[in-house]
Structure formats: C-alpha cells, structure tokens
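Okay, work_5.cif now, which holds mmCIF, C-alpha atoms:
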data_target
#
loop_
_atom_site.label_atom_id
_atom_site.label_comp_id
_atom_site.auth_asym_id
_atom_site.auth_seq_id
_atom_site.Cartn_x
_atom_site.Cartn_y
_atom_site.Cartn_z
CA MET I 1 15.97 -4.78 -0.21
CA ASP I 2 12.30 -5.08 -1.12
CA LEU I 3 9.84 -2.38 -2.18
CA ILE I 4 6.39 -3.45 -1.07
CA SER I 5 4.56 -0.35 0.16
CA ILE I 6 5.03 3.40 0.08
CA ARG I 7 4.37 3.20 3.82
CA ASP I 8 7.70 1.36 4.25
CA LEU I 9 9.68 4.30 2.86
CA ASP I 10 10.69 7.49 4.60
CA LYS I 11 11.03 10.80 2.80
CA LYS I 12 14.81 10.46 2.50
CA GLU I 13 14.47 7.12 0.71
CA VAL I 14 11.80 8.48 -1.65
CA GLU I 15 14.05 11.49 -2.38
CA GLU I 16 16.93 9.13 -3.09
CA ILE I 17 14.91 7.17 -5.67
CA LEU I 18 13.43 10.31 -7.30
CA GLU I 19 16.89 11.92 -7.52
CA SER I 20 18.33 8.75 -9.04
CA ALA I 21 15.43 8.62 -11.55
CA ASP I 22 16.10 12.22 -12.53
CA ARG I 23 19.78 11.53 -13.11
CA ILE I 24 18.88 8.49 -15.22
CA HIS I 25 16.28 10.49 -17.18
CA THR I 26 18.74 13.30 -17.92
CA GLY I 27 21.50 10.87 -18.93
CA LYS I 28 23.75 11.62 -15.96
CA LYS I 29 23.47 8.11 -14.57
CA LYS I 30 23.35 4.71 -16.21
CA PRO I 31 22.80 1.82 -13.81
CA ASP I 32 24.80 -1.23 -14.82
CA HIS I 33 23.39 -4.58 -13.72
CA ARG I 34 24.74 -6.69 -16.55
CA GLY I 35 24.53 -10.40 -15.81
CA LYS I 36 21.47 -9.98 -13.59
CA ILE I 37 18.00 -11.24 -14.47
CA LEU I 38 14.64 -9.70 -13.61
CA ALA I 39 11.70 -12.09 -13.19
CA THR I 40 8.35 -10.45 -13.90
CA MET I 41 5.33 -12.24 -12.41
CA PHE I 42 2.01 -10.66 -13.32
CA PHE I 43 -1.01 -12.56 -12.06
CA GLU I 44 -3.21 -9.71 -13.34
CA ALA I 45 -3.38 -7.77 -16.59
CA SER I 46 -0.90 -4.95 -17.09
CA THR I 47 0.46 -2.83 -19.91
CA ARG I 48 2.45 0.01 -18.37
CA THR I 49 3.81 -1.58 -15.21
CA LYS I 50 4.98 -4.81 -16.84
CA LEU I 51 6.44 -3.33 -20.02
CA SER I 52 8.09 -0.39 -18.29
CA PHE I 53 9.72 -2.72 -15.73
CA GLN I 54 10.94 -4.96 -18.54
CA SER I 55 12.20 -1.94 -20.48
CA ALA I 56 13.83 -0.54 -17.33
CA ALA I 57 15.59 -3.85 -16.67
CA GLU I 58 16.92 -4.00 -20.24
CA ARG I 59 18.12 -0.41 -20.00
CA ASN I 60 19.90 -1.32 -16.76
CA GLY I 61 21.74 -4.07 -18.67
CA MET I 62 19.61 -6.88 -17.21
CA GLN I 63 17.80 -9.69 -18.93
CA VAL I 64 14.17 -10.54 -18.30
CA VAL I 65 12.30 -13.80 -17.70
CA ASP I 66 8.53 -13.57 -17.70
CA PHE I 67 6.25 -15.84 -15.69
CA LEU I 68 2.86 -16.44 -17.33
CA PRO I 69 0.32 -17.73 -14.77
CA GLU I 70 -2.03 -19.18 -17.37
CA THR I 71 0.63 -21.63 -18.68
CA SER I 72 2.32 -22.31 -15.33
CA SER I 73 2.06 -25.06 -12.73
CA LEU I 74 -0.50 -22.92 -10.88
CA LYS I 75 -2.88 -24.79 -13.19
CA LYS I 76 -1.73 -28.02 -11.53
CA GLY I 77 -2.47 -26.62 -8.09
CA GLU I 78 0.97 -25.31 -7.11
CA SER I 79 0.66 -22.76 -4.33
CA PHE I 80 1.58 -19.10 -4.66
CA THR I 81 4.43 -19.35 -2.15
CA ASP I 82 5.89 -22.48 -3.77
CA THR I 83 5.77 -20.69 -7.12
CA ILE I 84 7.69 -17.76 -5.64
CA ARG I 85 10.30 -20.11 -4.14
CA ILE I 86 10.83 -21.65 -7.59
CA VAL I 87 11.08 -18.38 -9.52
CA GLU I 88 13.47 -17.02 -6.87
CA GLY I 89 16.04 -19.43 -8.30
CA TYR I 90 15.63 -18.07 -11.84
CA GLY I 91 16.05 -14.35 -11.25
CA ASP I 92 18.01 -11.82 -9.21
CA ALA I 93 14.95 -9.67 -8.49
CA LEU I 94 11.19 -10.27 -8.81
CA VAL I 95 8.45 -7.83 -9.78
CA ILE I 96 5.05 -9.17 -8.81
CA ARG I 97 1.48 -8.04 -9.43
CA HIS I 98 -1.29 -10.03 -7.82
CA PRO I 99 -5.02 -9.41 -7.19
CA VAL I 100 -4.87 -10.47 -3.53
CA GLU I 101 -3.92 -7.84 -0.94
CA GLY I 102 -0.75 -8.59 0.97
CA SER I 103 0.35 -11.28 -1.51
CA VAL I 104 3.52 -9.44 -2.53
CA ARG I 105 4.50 -8.91 1.12
CA LEU I 106 4.06 -12.66 1.64
CA ALA I 107 6.19 -13.31 -1.46
CA ALA I 108 8.93 -11.09 0.01
CA ASP I 109 8.72 -13.07 3.27
CA VAL I 110 9.54 -16.35 1.51
CA CYS I 111 11.92 -14.99 -1.13
CA GLY I 112 15.59 -14.25 -0.48
CA LYS I 113 15.87 -12.01 -3.56
CA PRO I 114 14.62 -8.41 -3.79
CA VAL I 115 10.87 -8.23 -4.44
CA VAL I 116 9.09 -5.21 -5.91
CA ASN I 117 5.33 -4.76 -5.63
CA GLY I 118 3.74 -4.13 -9.02
CA GLY I 119 0.30 -3.76 -7.38
CA ASP I 120 -1.48 -6.01 -4.85
CA GLY I 121 -5.27 -5.87 -5.06
CA ALA I 122 -6.67 -2.60 -3.76
CA ASN I 123 -3.73 -2.21 -1.39
CA GLN I 124 -0.53 -0.70 -2.76
CA HIS I 125 1.20 0.26 -5.99
CA PRO I 126 4.34 1.98 -4.70
CA THR I 127 6.18 2.41 -8.00
CA GLN I 128 3.12 4.18 -9.45
CA THR I 129 3.31 6.63 -6.56
CA LEU I 130 7.00 7.22 -7.26
CA ILE I 131 6.17 7.88 -10.93
CA ASP I 132 3.38 10.27 -9.90
CA LEU I 133 5.66 12.21 -7.55
CA PHE I 134 8.39 12.26 -10.21
CA SER I 135 5.88 13.55 -12.80
CA ILE I 136 4.73 16.37 -10.54
CA ARG I 137 8.31 17.35 -9.82
CA LYS I 138 9.20 17.23 -13.54
CA THR I 139 6.18 19.17 -14.72
CA LYS I 140 5.78 21.64 -11.83
CA GLY I 141 9.35 21.87 -10.52
CA LYS I 142 8.39 20.86 -6.99
CA ILE I 143 5.84 18.94 -4.93
CA GLU I 144 5.81 20.95 -1.71
CA GLY I 145 2.97 23.48 -1.55
CA MET I 146 1.34 22.27 -4.77
CA ASN I 147 -2.46 22.12 -4.74
CA VAL I 148 -3.15 18.61 -5.95
CA HIS I 149 -6.76 17.58 -6.61
CA LEU I 150 -7.30 13.82 -6.58
CA VAL I 151 -10.50 13.11 -8.50
CA GLY I 152 -12.49 9.92 -9.06
CA ASP I 153 -13.06 6.66 -7.23
CA LEU I 154 -10.76 7.22 -4.29
CA LYS I 155 -12.17 4.27 -2.40
CA HIS I 156 -11.04 1.48 -4.70
CA ALA I 157 -8.09 2.93 -6.63
CA ARG I 158 -4.88 1.69 -4.99
CA ALA I 159 -2.90 4.38 -6.86
CA MET I 160 -4.87 7.11 -5.08
CA ARG I 161 -4.35 5.74 -1.59
CA SER I 162 -0.58 5.50 -2.04
CA LEU I 163 -0.39 8.85 -3.82
CA ALA I 164 -2.28 10.73 -1.10
CA TYR I 165 0.28 9.35 1.33
CA GLY I 166 3.24 10.34 -0.87
CA LEU I 167 1.90 13.83 -1.50
CA ALA I 168 1.38 14.46 2.22
CA MET I 169 4.93 13.22 2.87
CA PHE I 170 6.21 15.96 0.55
CA GLY I 171 3.99 18.73 1.91
CA ALA I 172 1.57 19.07 -1.01
CA LYS I 173 -1.91 20.44 -0.34
CA VAL I 174 -4.28 17.61 -1.17
CA THR I 175 -7.94 17.99 -2.11
CA LEU I 176 -9.95 14.79 -2.34
CA VAL I 177 -12.83 14.95 -4.84
CA SER I 178 -15.03 11.89 -5.19
CA PRO I 179 -18.67 10.87 -5.53
CA LYS I 180 -20.44 10.12 -2.27
CA GLY I 181 -19.68 6.55 -1.26
CA LEU I 182 -16.39 6.45 -3.16
CA GLU I 183 -14.38 8.64 -0.77
CA LEU I 184 -10.86 7.77 0.35
CA PRO I 185 -11.40 5.44 3.35
CA LYS I 186 -11.56 7.34 6.63
CA GLN I 187 -8.76 5.25 8.14
CA ASP I 188 -6.40 6.33 5.34
CA VAL I 189 -7.29 10.01 5.78
CA GLU I 190 -6.76 9.71 9.54
CA GLU I 191 -3.41 7.95 9.17
CA ILE I 192 -2.07 10.41 6.60
CA THR I 193 -3.16 13.52 8.49
CA ARG I 194 -1.86 12.14 11.79
CA ARG I 195 1.48 10.98 10.41
CA PHE I 196 2.28 14.11 8.42
CA GLY I 197 0.41 16.70 10.47
CA CYS I 198 -1.48 17.91 7.40
CA THR I 199 -5.09 18.52 6.49
CA MET I 200 -6.83 17.29 3.37
CA ALA I 201 -9.84 19.08 1.91
CA VAL I 202 -12.74 16.82 0.96
CA LYS I 203 -15.18 17.79 -1.82
CA ASP I 204 -17.82 16.04 -3.87
CA ALA I 205 -17.70 18.34 -6.90
CA LEU I 206 -15.01 19.68 -9.21
CA ASP I 207 -13.65 23.16 -8.56
CA LEU I 208 -10.28 23.61 -10.21
CA LYS I 209 -9.61 27.31 -9.76
CA ASP I 210 -6.83 26.85 -7.20
CA ALA I 211 -5.50 23.50 -8.51
CA ASP I 212 -1.90 23.14 -9.68
CA VAL I 213 -2.28 19.45 -10.47
CA LEU I 214 -5.45 17.58 -11.41
CA TYR I 215 -4.98 13.86 -10.89
CA VAL I 216 -7.85 11.82 -12.30
CA CYS I 217 -8.68 8.15 -11.93
CA ARG I 218 -11.46 6.05 -13.35
CA ILE I 219 -14.95 5.88 -11.84
CA GLN I 220 -15.43 2.14 -11.52
CA GLU I 221 -18.99 1.80 -12.78
CA GLU I 222 -19.11 -1.89 -11.89
CA ARG I 223 -19.12 -0.80 -8.22
CA PHE I 224 -22.57 0.79 -8.56
CA ALA I 225 -25.73 -1.24 -7.99
CA ASP I 226 -27.76 1.21 -10.07
CA PRO I 227 -26.49 1.71 -13.66
CA MET I 228 -28.34 5.04 -13.91
CA GLU I 229 -26.51 6.31 -10.82
CA ALA I 230 -23.22 5.09 -12.32
CA LYS I 231 -23.97 7.01 -15.52
CA ARG I 232 -24.89 10.16 -13.58
CA VAL I 233 -21.70 10.04 -11.50
CA ARG I 234 -19.52 9.27 -14.53
CA GLU I 235 -20.93 12.30 -16.34
CA GLN I 236 -20.60 14.49 -13.25
CA PHE I 237 -16.94 13.55 -12.84
CA MET I 238 -15.91 13.47 -16.48
CA ILE I 239 -13.28 16.14 -17.13
CA ARG I 240 -14.28 18.33 -20.04
CA LYS I 241 -12.54 21.23 -21.73
CA ASP I 242 -15.10 23.57 -20.16
CA ASP I 243 -14.02 22.47 -16.67
CA LEU I 244 -10.55 23.85 -17.36
CA LYS I 245 -11.77 27.38 -18.22
CA GLY I 246 -11.47 28.80 -14.72
CA ALA I 247 -8.31 26.82 -13.92
CA LYS I 248 -4.75 28.13 -13.75
CA GLY I 249 -3.02 28.31 -17.12
CA ASP I 250 -0.22 26.03 -15.97
CA LEU I 251 -2.50 23.35 -14.54
CA VAL I 252 -1.11 19.86 -15.12
CA ILE I 253 -3.44 16.88 -15.67
CA LEU I 254 -2.19 13.45 -14.66
CA HIS I 255 -3.79 10.01 -14.75
CA PRO I 256 -2.34 6.59 -13.85
CA LEU I 257 -4.01 5.16 -17.00
CA PRO I 258 -5.71 3.28 -18.50
CA LYS I 259 -8.34 5.98 -18.94
CA VAL I 260 -11.70 4.99 -20.33
CA ASN I 261 -14.07 7.92 -20.56
CA GLU I 262 -13.25 10.06 -17.53
CA ILE I 263 -11.32 12.65 -19.57
CA GLU I 264 -12.80 14.12 -22.75
CA ALA I 265 -10.67 12.93 -25.69
CA SER I 266 -10.09 16.48 -26.95
CA ILE I 267 -8.10 17.22 -23.76
CA ASP I 268 -5.40 14.73 -24.84
CA ALA I 269 -3.98 17.28 -27.26
CA MET I 270 -3.95 20.16 -24.74
CA PRO I 271 -0.64 21.22 -23.19
CA GLN I 272 -2.07 20.55 -19.71
CA ALA I 273 -2.46 16.83 -20.46
CA LYS I 274 0.71 15.17 -19.18
CA TYR I 275 -0.54 11.62 -18.61
CA PHE I 276 1.23 10.01 -21.58
CA GLU I 277 4.47 11.71 -20.53
CA GLN I 278 3.76 10.45 -17.00
CA ALA I 279 3.47 6.87 -18.29
CA HIS I 280 6.82 7.22 -20.06
CA TYR I 281 8.47 8.42 -16.84
CA GLY I 282 7.77 4.89 -15.67
CA VAL I 283 10.97 3.69 -17.31
CA PRO I 284 13.56 5.93 -15.58
CA VAL I 285 11.70 5.67 -12.27
CA ARG I 286 11.62 1.86 -12.46
CA GLN I 287 15.26 1.83 -13.57
CA ALA I 288 15.98 3.75 -10.36
CA VAL I 289 13.82 1.33 -8.33
CA LEU I 290 15.60 -1.76 -9.71
CA ASP I 291 18.97 -0.09 -9.12
CA TRP I 292 17.88 0.75 -5.54
CA VAL I 293 16.64 -2.74 -4.60
CA LEU I 294 19.66 -4.46 -6.18
CA SER I 295 22.19 -2.11 -4.59
CA LYS I 296 20.91 -2.04 -1.01
CA MET A 297 -25.99 -15.88 45.34
CA LEU A 298 -24.89 -18.07 42.43
CA LYS A 299 -22.14 -20.46 43.52
CA VAL A 300 -19.64 -22.17 41.25
CA ASP A 301 -17.37 -24.91 42.55
CA VAL A 302 -13.73 -24.15 43.29
CA ILE A 303 -11.37 -25.65 40.72
CA GLU A 304 -8.18 -27.44 41.70
CA LYS A 305 -6.07 -26.69 38.67
CA GLY A 306 -7.00 -24.43 35.81
CA THR A 307 -7.77 -20.83 34.96
CA VAL A 308 -10.26 -18.25 36.11
CA VAL A 309 -10.73 -15.28 33.83
CA ASP A 310 -12.26 -12.41 35.79
CA HIS A 311 -13.28 -8.85 34.91
CA ILE A 312 -14.46 -9.82 31.44
CA GLN A 313 -16.63 -7.13 29.89
CA ALA A 314 -20.26 -8.17 30.35
CA GLY A 315 -21.45 -10.17 27.36
CA LYS A 316 -17.97 -11.20 26.21
CA GLY A 317 -17.71 -14.30 28.41
CA MET A 318 -18.97 -16.68 25.70
CA LYS A 319 -16.19 -15.54 23.39
CA VAL A 320 -13.59 -16.01 26.12
CA LEU A 321 -14.93 -19.49 26.79
CA ALA A 322 -14.59 -20.30 23.09
CA ILE A 323 -11.01 -18.95 23.02
CA LEU A 324 -10.19 -21.25 25.94
CA GLY A 325 -11.44 -24.16 23.89
CA ALA A 326 -14.37 -25.05 26.08
CA GLY A 327 -16.53 -26.20 23.22
CA GLU A 328 -18.04 -29.54 22.37
CA GLY A 329 -15.74 -32.36 23.44
CA HIS A 330 -13.99 -30.43 26.20
CA PRO A 331 -13.53 -33.11 28.87
CA GLU A 332 -13.17 -30.94 31.99
CA ARG A 333 -15.51 -28.70 33.95
CA ALA A 334 -16.05 -25.17 32.69
CA ALA A 335 -18.33 -22.42 33.93
CA LEU A 336 -19.49 -19.08 32.64
CA VAL A 337 -21.16 -16.59 34.95
CA MET A 338 -22.64 -13.58 33.20
CA ASN A 339 -23.58 -10.09 34.33
CA VAL A 340 -22.08 -10.34 37.80
CA PRO A 341 -22.18 -6.99 39.67
CA SER A 342 -18.75 -5.35 39.58
CA LYS A 343 -17.46 -2.17 41.26
CA LYS A 344 -15.00 -1.64 38.41
CA LEU A 345 -17.15 -2.47 35.42
CA GLY A 346 -20.73 -2.23 36.66
CA LYS A 347 -21.34 -5.72 35.30
CA LYS A 348 -18.83 -8.38 34.35
CA ASP A 349 -18.58 -11.97 33.15
CA ILE A 350 -16.40 -14.63 34.79
CA VAL A 351 -15.11 -17.83 33.20
CA LYS A 352 -13.66 -20.83 35.04
CA ILE A 353 -12.07 -23.73 33.25
CA GLU A 354 -10.53 -26.77 34.80
CA GLY A 355 -7.32 -28.35 33.52
CA LYS A 356 -6.37 -25.47 31.25
CA LEU A 357 -3.46 -23.10 31.86
CA VAL A 358 -3.53 -20.01 29.68
CA SER A 359 -0.59 -19.43 27.32
CA GLU A 360 0.61 -15.98 26.25
CA SER A 361 -1.06 -16.28 22.84
CA ILE A 362 -4.36 -17.25 24.46
CA ALA A 363 -4.01 -14.30 26.86
CA ASN A 364 -3.49 -12.03 23.85
CA MET A 365 -6.65 -13.40 22.24
CA ILE A 366 -8.58 -12.70 25.44
CA ALA A 367 -7.16 -9.16 25.44
CA LEU A 368 -8.58 -8.64 21.95
CA VAL A 369 -12.05 -9.55 23.20
CA SER A 370 -11.89 -7.91 26.60
CA PRO A 371 -8.83 -5.79 27.37
CA GLY A 372 -8.35 -5.48 31.13
CA ALA A 373 -9.67 -8.97 31.92
CA SER A 374 -7.64 -10.65 34.64
CA ILE A 375 -6.19 -14.13 34.41
CA ASN A 376 -5.94 -16.21 37.58
CA ILE A 377 -3.90 -19.37 37.28
CA ILE A 378 -5.17 -21.86 39.84
CA GLU A 379 -2.99 -24.59 41.29
CA ASN A 380 -3.93 -26.73 44.31
CA SER A 381 -7.15 -24.72 44.49
CA LYS A 382 -5.20 -21.51 45.14
CA VAL A 383 -4.30 -18.55 42.95
CA ALA A 384 -0.70 -19.25 41.88
CA LYS A 385 -0.42 -16.29 39.48
CA LYS A 386 -2.63 -13.35 38.61
CA TYR A 387 -2.27 -10.74 35.88
CA ALA A 388 -4.38 -8.42 33.78
CA VAL A 389 -4.32 -8.89 30.01
CA SER A 390 -3.62 -5.87 27.86
CA LEU A 391 -3.50 -5.26 24.14
CA PRO A 392 0.04 -6.16 23.01
CA GLU A 393 2.02 -3.96 20.58
CA ARG A 394 2.38 -6.85 18.15
CA LEU A 395 0.26 -9.93 17.56
CA MET A 396 2.02 -12.88 15.97
CA GLY A 397 0.01 -15.93 14.97
CA VAL A 398 -3.03 -14.63 16.84
CA GLY A 399 -6.35 -13.43 15.42
CA SER A 400 -7.42 -13.45 11.81
CA CYS A 401 -7.67 -10.64 9.28
CA PRO A 402 -11.30 -9.68 8.58
CA ASN A 403 -10.43 -8.60 5.02
CA PRO A 404 -11.64 -11.49 2.82
CA ASN A 405 -9.20 -10.42 0.07
CA CYS A 406 -6.19 -10.53 2.40
CA ILE A 407 -3.61 -13.15 1.45
CA THR A 408 -3.76 -14.57 4.99
CA ASN A 409 -7.28 -15.79 4.16
CA LYS A 410 -6.17 -17.38 0.89
CA GLU A 411 -2.75 -18.98 1.57
CA GLU A 412 -0.88 -20.37 4.55
CA ALA A 413 0.58 -17.22 6.11
CA GLY A 414 1.35 -16.39 9.71
CA LYS A 415 -1.00 -13.73 11.02
CA GLN A 416 0.75 -10.53 12.08
CA PHE A 417 -0.77 -7.33 13.36
CA ALA A 418 0.83 -4.17 14.74
CA LYS A 419 -0.99 -1.89 17.18
CA GLU A 420 -1.70 1.69 16.06
CA GLY A 421 -3.57 3.66 18.70
CA ASP A 422 -6.36 1.36 19.81
CA ARG A 423 -6.51 -0.53 16.53
CA TYR A 424 -4.41 -3.13 14.71
CA ARG A 425 -2.92 -2.99 11.23
CA CYS A 426 -2.57 -6.23 9.27
CA HIS A 427 1.07 -6.75 8.26
CA TYR A 428 -0.05 -8.06 4.87
CA CYS A 429 -3.09 -6.16 3.56
CA GLU A 430 -2.17 -3.07 5.65
CA ARG A 431 -5.77 -2.42 6.71
CA LEU A 432 -6.69 -1.24 10.19
CA PHE A 433 -9.17 -3.08 12.38
CA GLY A 434 -10.59 -2.80 15.86
CA ALA A 435 -9.08 -5.36 18.25
CA ASN A 436 -12.37 -7.24 18.65
CA GLU A 437 -12.70 -7.62 14.87
CA LEU A 438 -9.67 -9.92 14.81
CA VAL A 439 -11.35 -12.65 16.86
#

Give the structure from this file in structure tokens form.
Amino acid sequence: MDLISIRDLDKKEVEEILESADRIHTGKKKPDHRGKILATMFFEASTRTKLSFQSAAERNGMQVVDFLPETSSLKKGESFTDTIRIVEGYGDALVIRHPVEGSVRLAADVCGKPVVNGGDGANQHPTQTLIDLFSIRKTKGKIEGMNVHLVGDLKHARAMRSLAYGLAMFGAKVTLVSPKGLELPKQDVEEITRRFGCTMAVKDALDLKDADVLYVCRIQEERFADPMEAKRVREQFMIRKDDLKGAKGDLVILHPLPKVNEIEASIDAMPQAKYFEQAHYGVPVRQAVLDWVLSK
Amino acid sequence: MLKVDVIEKGTVVDHIQAGKGMKVLAILGAGEGHPERAALVMNVPSKKLGKKDIVKIEGKLVSESIANMIALVSPGASINIIENSKVAKKYAVSLPERLMGVGSCPNPNCITNKEEAGKQFAKEGDRYRCHYCERLFGANELV
C-alpha cells in the first residue's frame, strides 16, 4: 500500500491511522517491523519529516538507509525512475520528498514496495495533514465542529491545501485567511466544498474571536514582486500577543514549521502555542503510517 | 458555394466548433510533410452550431486516442470514416472519463513534463485532473 495523497484516503482510513497513532503515543501499541528497512529519499531539504520518519522507523524496529541525492548517480545523469528502481531493492518501504509535483506518484507507479509521499512540490504532504489532524484531536479532543482558521500563504503551501481537505472530511468549520493574491486556489475550494458538502469562510484579515484553532503558515516573501508589499503583508499577517486578546482562552496555535517571523517569538512560551508539540507528534503518526503501509 | 473534392479513403471531421479546425488538422498530423490531400473549411453555416469548421484528410483513419484528442478541442465533433468514397462509419466524439497517453499537463512543474511518464487524466465535471500533479484543467488546455 502506498500513501501519496490525502485525496486517496477515505475518512475510515484516516480514522484508522489516527487511532493507531494514538495507541502508539499512549503506549498501548508497539508496531514490530524488525528485519525491515526504510529507505528515505529526500531530494529537498527537510528537518522534521526526514528525522521523524527515521525515528519512527527505528521505533518500529526497522533499520534505515538514507539516499543522498548530492552524492548519488543522479550526478551522472541517472533518471529519477531508474533511481527509484534501484533503491526499491535496498529497502522494504520508501519515503520520498521531491520538488516536482507528481514525482512521488510516479515513483509509486514504478516501485513494487510501499511508497510514502514526504512532500511533492506544491502538491501534497499527506503525513503532515495526518499530524495536523492528530494534533487538533489531541489538543482539542475532537476535530468535528472546531473553528479552524488557516492563516498565511494558502496558495503555495502544500500543507494548507491538504489540511483544508482533511478538516472538511472531519466536519471542521474552516476559515481561510490570506493576503489578496495568496488565497487557496479556487479549484481546491470548489472540490472540497463539493466533495464534503461544506462551506469555507474566506477572509483577508485576522479575526480570532470565534477560532478554536489558529493554524499559521509562512508568508513566502519571495513570491512578491514588490518587497515593500511583501513587508506590509508580512507585518499584517504576523501573529502578535495582542492578536490573541479577544480570542478564546483555550485557543490552540499550530504551525507546520519551520516558522520564520510569522509568529511573535514571545508567543512560543504561551500555553496556546502547540507547534513544537505538534512537530513531536510526527513520530507516533509516522510510526502508524509505516505500520499501515507495511501491513496492508 | 465552396467545393472540396470527395475523398476516397480517409476521415472527415464535421461539426467542429468554429475556429478549432486548425487544431483538429494538427491533431490529425496534416502538417508539413503530410503526403496526402487535406482540407480545412472554416466558418461554414451550421443549423446546430451557427458556424462550424470541417476537416477532410485523405489516407488517415482516426484511432480512438486521436478521437479523444479531437474531443478535447471540440467535444461533439463528428468523425466520418470514408471508404470507397462513402461513409463507412460515423460517430460523435465526446469527452471520455479517462484519458490515457493523450494530452499533456499544462503544469510546468508536473513530473510528466520532466520525466518519461504516461499522461493520465480523470474527468471531474467538465474538467480533467492530472493523475500526477492532481491539478484540474479545462479539456482544451490539455492539447
């Protein structure tokens, strides 16, 4: 079984993985895949996804081999698909991150072993979505009915596209907050609302009074032609302590990380800030994902 | 009245949306080096469409994948297979549910534009989703 896109999963399958992750996190389950090897293939930089997958594999009793593109035969002109066919022989499952959209789906097409998408360009990052859903469930007790505000560059952040989909699947109330020009693409909004029969509020300014979860992602300043406009938008969308004054006391703040300057540093120490905890949930969730793809 | 010779064996594509005939001609491979006769008649009065284009090409019988390509450009066009100067088979093209090996993804960062990968699209409403990059496109964007 592969895990390439959140769009490939139905609610029952997502529930199954989240439930498994919870049992692993609370010590009720310990996947045992001794003798198996995970091959990690990251063609792009990563801290959390790569290390948490490697940690998850070790905790599942697996060993890890790591492909490093800069010292590989890619430098001699070997194709992506040939590289996948080679690494397939060295591992029992592959986790791949690649900057080109659809590359991990193509890898799964040519690979007989389970393939997990660790992020493909601006397309999908399904295990991040699973971590995000798990974090909301852990910190708020449930996903259904939660008012979740997605804030930042919703156009380019793959985590936001997949998360909006996952939240709608679980009946959360989603508010999309982004600068003009960086909205979630219309085709994604249409697909999500059509598939799940939900509505999503769209705003271009922060208003957190009814939010249960504030999910922030980086404003990608390099996308702006005018640096002054980028600075203005960054400042407008930076989350400051003052922004939290009118918010609910039990508001939870999440972020896929890395964060740069979109959340004021003083917020890190506030009880609402759960993004480091969220990053650590990556291990049990990815343990559950590896267990799921190897067991199906 | 503009007259175009009858062809003995080949294909006539009728009911092409006006202005799309050049694209259909290109799909049929009637470019430079095509050895047989080919004709394009544009903006012909049509009861159904108001105006339509018609393409005739000698020596070329349209395959299913070519018919699918024509459907992307002009859904509803009709294919007439001509043998012995008579219509041997006639059918209207329609947008198929799945496209395999037909069209190309307009997303420049899609893997299908970087590596050898079979093109695959699935129909959603009146648009197509790329199997690989998962983006949605209008049918005519794939040609």

Residues matched by the PyMOL selection byres ((chain I) within 8 of (chain A)), written as a PDB file with C-alpha atoms, in the frame of the given file:
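Produced file out03.pdb, reproduced below:
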ATOM      1  CA  SER I  79       0.660 -22.760  -4.330  1.00  0.00           C
ATOM      2  CA  PHE I  80       1.580 -19.100  -4.660  1.00  0.00           C
ATOM      3  CA  VAL I 100      -4.870 -10.470  -3.530  1.00  0.00           C
ATOM      4  CA  GLU I 101      -3.920  -7.840  -0.940  1.00  0.00           C
ATOM      5  CA  GLY I 102      -0.750  -8.590   0.970  1.00  0.00           C
ATOM      6  CA  SER I 103       0.350 -11.280  -1.510  1.00  0.00           C
ATOM      7  CA  ARG I 105       4.500  -8.910   1.120  1.00  0.00           C
ATOM      8  CA  LEU I 106       4.060 -12.660   1.640  1.00  0.00           C
ATOM      9  CA  GLY I 121      -5.270  -5.870  -5.060  1.00  0.00           C
ATOM     10  CA  ASN I 123      -3.730  -2.210  -1.390  1.00  0.00           C
ATOM     11  CA  GLN I 187      -8.760   5.250   8.140  1.00  0.00           C
TER      12      GLN I 187
END

Neighbours of stretch 385-392 of chain A within 7 Å (only C-alpha atoms; same-chain residues fewer than 6 positions away dropped), as a list in words?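 With the cut-off at 7 Å, the set is Ala363, Asn364, Ala367, Leu368, Pro371, Gly372, Ala373, Ser374, Ile375, Asn376 and Ile377 of chain A.
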
Go through the shown structure with the PyMOL selection byres ((chain A and resi 365) around 12) and write out the matching residues as an MDAnalysis selection string. chainID A and resid 319:325 358:364 366:371 373 389:392 394:400 435:439

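Between atom CA of I:Asp82 and atom CA of A:Gln416 the separation is 20.5 Å.
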
On this structure, which residues satisfy the PyMOL selection byres ((chain I and resi 157-174) around 7), written as a PDB file with C-alpha atoms, keeping the file's coordinate frame?
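To be explicit, this is the file written out as expr-v2.pdb:
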ATOM      1  CA  ILE I   6       5.030   3.400   0.080  1.00  0.00           C
ATOM      2  CA  LYS I  11      11.030  10.800   2.800  1.00  0.00           C
ATOM      3  CA  ALA I 122      -6.670  -2.600  -3.760  1.00  0.00           C
ATOM      4  CA  ASN I 123      -3.730  -2.210  -1.390  1.00  0.00           C
ATOM      5  CA  GLN I 124      -0.530  -0.700  -2.760  1.00  0.00           C
ATOM      6  CA  HIS I 125       1.200   0.260  -5.990  1.00  0.00           C
ATOM      7  CA  PRO I 126       4.340   1.980  -4.700  1.00  0.00           C
ATOM      8  CA  GLN I 128       3.120   4.180  -9.450  1.00  0.00           C
ATOM      9  CA  THR I 129       3.310   6.630  -6.560  1.00  0.00           C
ATOM     10  CA  ILE I 143       5.840  18.940  -4.930  1.00  0.00           C
ATOM     11  CA  GLU I 144       5.810  20.950  -1.710  1.00  0.00           C
ATOM     12  CA  GLY I 145       2.970  23.480  -1.550  1.00  0.00           C
ATOM     13  CA  MET I 146       1.340  22.270  -4.770  1.00  0.00           C
ATOM     14  CA  ASN I 147      -2.460  22.120  -4.740  1.00  0.00           C
ATOM     15  CA  VAL I 148      -3.150  18.610  -5.950  1.00  0.00           C
ATOM     16  CA  HIS I 149      -6.760  17.580  -6.610  1.00  0.00           C
ATOM     17  CA  ASP I 153     -13.060   6.660  -7.230  1.00  0.00           C
ATOM     18  CA  LEU I 154     -10.760   7.220  -4.290  1.00  0.00           C
ATOM     19  CA  LYS I 155     -12.170   4.270  -2.400  1.00  0.00           C
ATOM     20  CA  HIS I 156     -11.040   1.480  -4.700  1.00  0.00           C
ATOM     21  CA  THR I 175      -7.940  17.990  -2.110  1.00  0.00           C
ATOM     22  CA  LEU I 176      -9.950  14.790  -2.340  1.00  0.00           C
ATOM     23  CA  ILE I 192      -2.070  10.410   6.600  1.00  0.00           C
ATOM     24  CA  PHE I 196       2.280  14.110   8.420  1.00  0.00           C
ATOM     25  CA  CYS I 198      -1.480  17.910   7.400  1.00  0.00           C
ATOM     26  CA  MET I 200      -6.830  17.290   3.370  1.00  0.00           C
ATOM     27  CA  ALA I 201      -9.840  19.080   1.910  1.00  0.00           C
TER      28      ALA I 201
END

Can you measure atom CA of I:Ser295 to atom CA of I:Arg48 for me? One decimal in Å is fine. 24.2 Å

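Here the question is which of A:Gly421, A:Gly434, A:Ser381, A:Ala326 gets nearest to A:Cys401 using only C-alpha atoms, and that residue is A:Gly434.
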